[in-house]
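What follows is a set of notes on a single structure, which appears directly below.
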Amino acid sequence: NNNIADLTGIEDFDSLRTLSCRNNQLTSLDVSSNTLLQDLDCQNNQLTSLDVSSNTLLQYLYCYDNQLTSLDVSSNTLLEGFDCRNNQLTSLNIGSKDNLVYLRCENNLLTGLDLSSVTTFPVALEAQNNLMTYLYLPSPTNSFYEAKYIDFRNNQLDSINFSTIDTLIIY
(Lines give C-alpha, C1' and ligand atoms only; values in the text may rest on other atoms or scores of the structure.)
Protein backbone atom coordinates (compact mmCIF):
# COMPACT_ATOMS: atom_id res chain seq x y z
CA ASN A 1 0.00 0.00 0.00
CA ASN A 2 2.93 2.34 -0.59
CA ASN A 3 2.85 2.89 -4.38
CA ILE A 4 5.95 0.70 -4.73
CA ALA A 5 6.84 0.31 -8.40
CA ASP A 6 10.00 -1.82 -8.16
CA LEU A 7 11.03 -4.74 -5.95
CA THR A 8 14.45 -5.26 -7.47
CA GLY A 9 16.61 -7.01 -4.87
CA ILE A 10 13.83 -9.23 -3.49
CA GLU A 11 15.57 -12.14 -5.23
CA ASP A 12 18.43 -11.86 -2.70
CA PHE A 13 16.09 -12.96 0.10
CA ASP A 14 16.57 -16.65 -0.61
CA SER A 15 15.04 -17.74 2.74
CA LEU A 16 11.83 -15.78 2.19
CA ARG A 17 8.70 -17.82 2.93
CA THR A 18 6.00 -15.13 2.75
CA LEU A 19 5.83 -12.12 0.46
CA SER A 20 2.97 -9.65 0.55
CA CYS A 21 3.36 -6.81 -1.92
CA ARG A 22 -0.28 -6.14 -2.68
CA ASN A 23 -1.87 -2.82 -3.54
CA ASN A 24 1.15 -1.25 -5.20
CA GLN A 25 2.23 -0.23 -8.70
CA LEU A 26 4.36 -3.25 -9.62
CA THR A 27 4.56 -4.09 -13.32
CA SER A 28 7.03 -6.95 -12.83
CA LEU A 29 7.96 -9.31 -10.04
CA ASP A 30 10.82 -11.82 -10.09
CA VAL A 31 10.46 -14.50 -7.40
CA SER A 32 12.42 -17.18 -9.27
CA SER A 33 15.23 -17.15 -6.67
CA ASN A 34 12.82 -17.27 -3.73
CA THR A 35 12.51 -21.06 -3.87
CA LEU A 36 11.33 -21.40 -0.23
CA LEU A 37 8.34 -19.13 -0.86
CA GLN A 38 5.10 -20.64 0.50
CA ASP A 39 2.74 -17.67 0.42
CA LEU A 40 2.71 -15.00 -2.31
CA ASP A 41 0.21 -12.15 -2.23
CA CYS A 42 0.76 -9.78 -5.15
CA GLN A 43 -2.85 -8.78 -5.72
CA ASN A 44 -3.89 -5.40 -7.03
CA ASN A 45 -0.80 -4.35 -8.94
CA GLN A 46 -0.17 -3.93 -12.66
CA LEU A 47 1.61 -7.23 -13.30
CA THR A 48 1.45 -8.45 -16.89
CA SER A 49 3.33 -11.70 -16.23
CA LEU A 50 4.18 -13.88 -13.26
CA ASP A 51 6.50 -16.89 -13.26
CA VAL A 52 6.13 -19.11 -10.19
CA SER A 53 7.55 -22.27 -11.79
CA SER A 54 10.54 -22.39 -9.44
CA ASN A 55 8.38 -21.85 -6.33
CA THR A 56 7.52 -25.52 -5.84
CA LEU A 57 6.73 -25.03 -2.11
CA LEU A 58 4.05 -22.43 -2.85
CA GLN A 59 0.82 -23.14 -0.95
CA TYR A 60 -1.09 -19.88 -1.41
CA LEU A 61 -1.07 -17.59 -4.42
CA TYR A 62 -3.14 -14.42 -4.56
CA CYS A 63 -2.49 -12.62 -7.83
CA TYR A 64 -5.91 -11.19 -8.56
CA ASP A 65 -6.60 -7.68 -9.86
CA ASN A 66 -3.60 -7.50 -12.18
CA GLN A 67 -3.18 -7.61 -15.97
CA LEU A 68 -1.98 -11.19 -16.34
CA THR A 69 -2.76 -12.87 -19.67
CA SER A 70 -1.43 -16.36 -18.91
CA LEU A 71 -0.45 -18.27 -15.82
CA ASP A 72 1.09 -21.68 -15.24
CA VAL A 73 0.88 -23.19 -11.75
CA SER A 74 1.44 -26.79 -12.86
CA SER A 75 4.75 -27.02 -10.97
CA ASN A 76 3.12 -25.77 -7.75
CA THR A 77 1.79 -29.15 -6.64
CA LEU A 78 1.33 -28.06 -2.99
CA LEU A 79 -1.01 -25.21 -3.90
CA GLU A 80 -4.02 -25.07 -1.55
CA GLY A 81 -5.41 -21.61 -2.18
CA PHE A 82 -5.29 -19.94 -5.58
CA ASP A 83 -7.00 -16.70 -6.57
CA CYS A 84 -6.33 -15.22 -10.00
CA ARG A 85 -9.66 -13.47 -10.62
CA ASN A 86 -10.00 -10.13 -12.38
CA ASN A 87 -7.10 -10.44 -14.79
CA GLN A 88 -7.02 -10.88 -18.57
CA LEU A 89 -6.15 -14.57 -18.50
CA THR A 90 -6.67 -16.46 -21.74
CA SER A 91 -4.55 -19.39 -20.54
CA LEU A 92 -4.42 -21.08 -17.14
CA ASN A 93 -2.47 -24.30 -16.59
CA ILE A 94 -3.50 -25.86 -13.27
CA GLY A 95 -1.75 -29.23 -13.62
CA SER A 96 -2.00 -31.93 -10.98
CA LYS A 97 -3.02 -30.92 -7.46
CA ASP A 98 -3.66 -33.02 -4.34
CA ASN A 99 -4.53 -30.29 -1.82
CA LEU A 100 -6.39 -27.58 -3.72
CA VAL A 101 -9.01 -26.15 -1.35
CA TYR A 102 -10.24 -23.22 -3.41
CA LEU A 103 -9.76 -21.84 -6.89
CA ARG A 104 -11.02 -18.46 -8.01
CA CYS A 105 -10.52 -17.59 -11.66
CA GLU A 106 -13.65 -15.62 -12.42
CA ASN A 107 -13.75 -12.47 -14.55
CA ASN A 108 -11.05 -13.43 -17.04
CA LEU A 109 -11.00 -14.39 -20.72
CA LEU A 110 -10.57 -18.13 -20.22
CA THR A 111 -12.00 -20.28 -23.01
CA GLY A 112 -11.74 -23.45 -20.94
CA LEU A 113 -10.63 -24.93 -17.66
CA ASP A 114 -9.10 -28.38 -17.22
CA LEU A 115 -9.24 -29.72 -13.67
CA SER A 116 -9.08 -33.38 -14.71
CA SER A 117 -5.70 -33.85 -12.93
CA VAL A 118 -6.91 -32.40 -9.63
CA THR A 119 -7.25 -35.34 -7.25
CA THR A 120 -9.11 -33.52 -4.47
CA PHE A 121 -11.90 -31.35 -5.77
CA PRO A 122 -11.80 -27.80 -4.38
CA VAL A 123 -14.28 -26.87 -1.67
CA ALA A 124 -14.91 -23.70 -3.67
CA LEU A 125 -14.56 -23.21 -7.41
CA GLU A 126 -15.46 -19.84 -8.89
CA ALA A 127 -15.05 -19.65 -12.64
CA GLN A 128 -17.95 -17.43 -13.65
CA ASN A 129 -17.80 -14.62 -16.19
CA ASN A 130 -15.31 -16.12 -18.62
CA LEU A 131 -15.59 -17.31 -22.23
CA MET A 132 -15.41 -21.00 -21.39
CA THR A 133 -16.67 -23.48 -23.94
CA TYR A 134 -15.35 -26.45 -21.94
CA LEU A 135 -14.92 -27.38 -18.30
CA TYR A 136 -13.17 -30.65 -17.46
CA LEU A 137 -13.84 -31.72 -13.91
CA PRO A 138 -11.98 -34.49 -12.08
CA SER A 139 -13.48 -37.96 -11.94
CA PRO A 140 -15.90 -38.04 -9.03
CA THR A 141 -14.48 -39.42 -5.81
CA ASN A 142 -15.63 -39.05 -2.25
CA SER A 143 -13.77 -35.74 -2.11
CA PHE A 144 -15.88 -34.47 -5.02
CA TYR A 145 -18.86 -34.36 -2.71
CA GLU A 146 -16.97 -32.09 -0.32
CA ALA A 147 -17.42 -29.23 -2.78
CA LYS A 148 -19.44 -26.49 -1.12
CA TYR A 149 -19.59 -23.90 -3.84
CA ILE A 150 -19.21 -24.21 -7.59
CA ASP A 151 -20.00 -21.26 -9.85
CA PHE A 152 -19.44 -21.34 -13.60
CA ARG A 153 -22.32 -19.13 -14.75
CA ASN A 154 -21.98 -16.57 -17.52
CA ASN A 155 -19.79 -18.69 -19.76
CA GLN A 156 -20.39 -20.25 -23.18
CA LEU A 157 -20.78 -23.84 -22.03
CA ASP A 158 -23.19 -25.78 -24.23
CA SER A 159 -23.53 -28.72 -21.88
CA ILE A 160 -22.06 -30.24 -18.76
CA ASN A 161 -21.93 -33.98 -18.23
CA PHE A 162 -22.92 -34.96 -14.70
CA SER A 163 -23.71 -38.57 -15.66
CA THR A 164 -21.07 -40.07 -13.36
CA ILE A 165 -22.36 -38.28 -10.29
CA ASP A 166 -24.83 -40.22 -8.14
CA THR A 167 -26.30 -37.28 -6.26
CA LEU A 168 -26.40 -33.65 -7.28
CA ILE A 169 -28.26 -30.91 -5.44
CA ILE A 170 -28.47 -27.57 -7.21
CA TYR A 171 -29.64 -24.53 -5.32
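Letters A, B, ... go to the chains of the C-alpha coordinates in the order shown; residues in each chain start at 1; ligands are counted from 1 in the same order.
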ask   = Do you know which residues are at most 8 Å from segment 10-15 of chain A counting only C-alpha atoms, after dropping those on the same chain fewer than 4 positions away, and could you put them as a PyMOL selection string?
value = chain A and resi 30-37
inquiry  = Can you tell me which residues surround Ile94 of chain A at a distance of at most 12 Å, considering only C-alpha atoms, apart from same-chain residues fewer than 2 positions away, and format the answer as JSON, numbers by chain?
reply    = {"A": [53, 70, 71, 72, 73, 74, 75, 76, 77, 78, 79, 80, 82, 83, 84, 91, 92, 96, 97, 98, 100, 103, 104, 105, 112, 113, 114, 115, 116, 117, 118, 119, 136, 137]}
inquiry  = Let me make sure I understand: among A:Arg153, A:Leu68, A:Pro138, A:Asn93, which one has the smallest atom-to-atom distance to Leu109 of chain A if we use only C-alpha atoms?
reply    =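 Checking each candidate against Leu109 of chain A, we get A:Leu68 as the closest.
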query = Tell me, which residues of chain A carry DSSP strand (DSSP E or B), written as a PyMOL selection string?
reply = chain A and resi 18-20+39-41+60-62+70-72+81-83+91-93+97+102-104+112-114+118+124-126+134-136+149-151
request  = Take atom CA of Gln128 of chain A and atom CA of Glu106 of chain A and report the distance between them in Å, one decimal.
outcome  =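 Between atom CA of Gln128 of chain A and atom CA of Glu106 of chain A the gap is 4.8 Å.
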key: Residue set, chain A restricted to helix (DSSP H, G or I), as JSON, numbers by chain   = {"A": [10, 11, 12, 142, 143, 144, 145, 146]}
request  = One decimal, Å: what's the distance from atom CA of Leu157 of chain A over to atom CA of Leu50 of chain A, could you say?
outcome  =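 Atom-to-atom, atom CA of Leu157 of chain A and atom CA of Leu50 of chain A are spaced 28.3 Å apart.
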query = Can you tell me, as a list in words, what residues are no more than 6 Å from Val101 of chain A when counting only C-alpha atoms, ignoring any on the same chain fewer than 4 positions away?
reply = Glu80, Gly81, Pro122 and Val123 of chain A
Store the residues of this selection in a file with N, CA, C and O atoms, as a JSON list (two decimals), in the first residue's frame.
```json
[["chain", "number", "residue", "atom", "x", "y", "z"],
["A", 80, "GLU", "N", -2.75, -24.85, -2.23],
["A", 80, "GLU", "CA", -4.02, -25.07, -1.55],
["A", 80, "GLU", "C", -5.03, -23.98, -1.88],
["A", 80, "GLU", "O", -6.20, -24.25, -2.07],
["A", 81, "GLY", "N", -4.56, -22.74, -1.89],
["A", 81, "GLY", "CA", -5.41, -21.61, -2.18],
["A", 81, "GLY", "C", -4.87, -20.82, -3.35],
["A", 81, "GLY", "O", -3.69, -20.47, -3.38],
["A", 122, "PRO", "N", -11.78, -28.96, -5.27],
["A", 122, "PRO", "CA", -11.80, -27.80, -4.38],
["A", 122, "PRO", "C", -13.14, -27.65, -3.65],
["A", 122, "PRO", "O", -14.18, -27.98, -4.20],
["A", 123, "VAL", "N", -13.08, -27.17, -2.43],
["A", 123, "VAL", "CA", -14.28, -26.87, -1.67],
["A", 123, "VAL", "C", -15.05, -25.75, -2.36],
["A", 123, "VAL", "O", -16.27, -25.73, -2.41]]
```
key: Nearest candidate to Asn55 of chain A (options A:Thr133, A:Asn23, A:Gln38, A:Asn1; using only C-alpha atoms)   = A:Gln38
key: Among listed residues A:Thr56, A:Asn107, A:Gln156, A:Gln43, nearest Leu19 of chain A (using only C-alpha atoms)   =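 Residue with the minimum atom-to-atom distance to Leu19 of chain A: A:Gln43.
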inquiry  = Residues near segment 3-5 of chain A, anyone? I mean within 8 Å using only C-alpha atoms, not counting same-chain ones fewer than 4 positions away, as a list in words.
reply    =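 With the cut-off at 8 Å, the set is Asn23, Asn24, Gln25, Leu26 and Thr27 of chain A.
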ask   = Between A:Cys63, A:Leu125, A:Leu110, A:Leu58, which has the minimum distance to Asn155 of chain A (counting only C-alpha atoms)?
value = A:Leu110
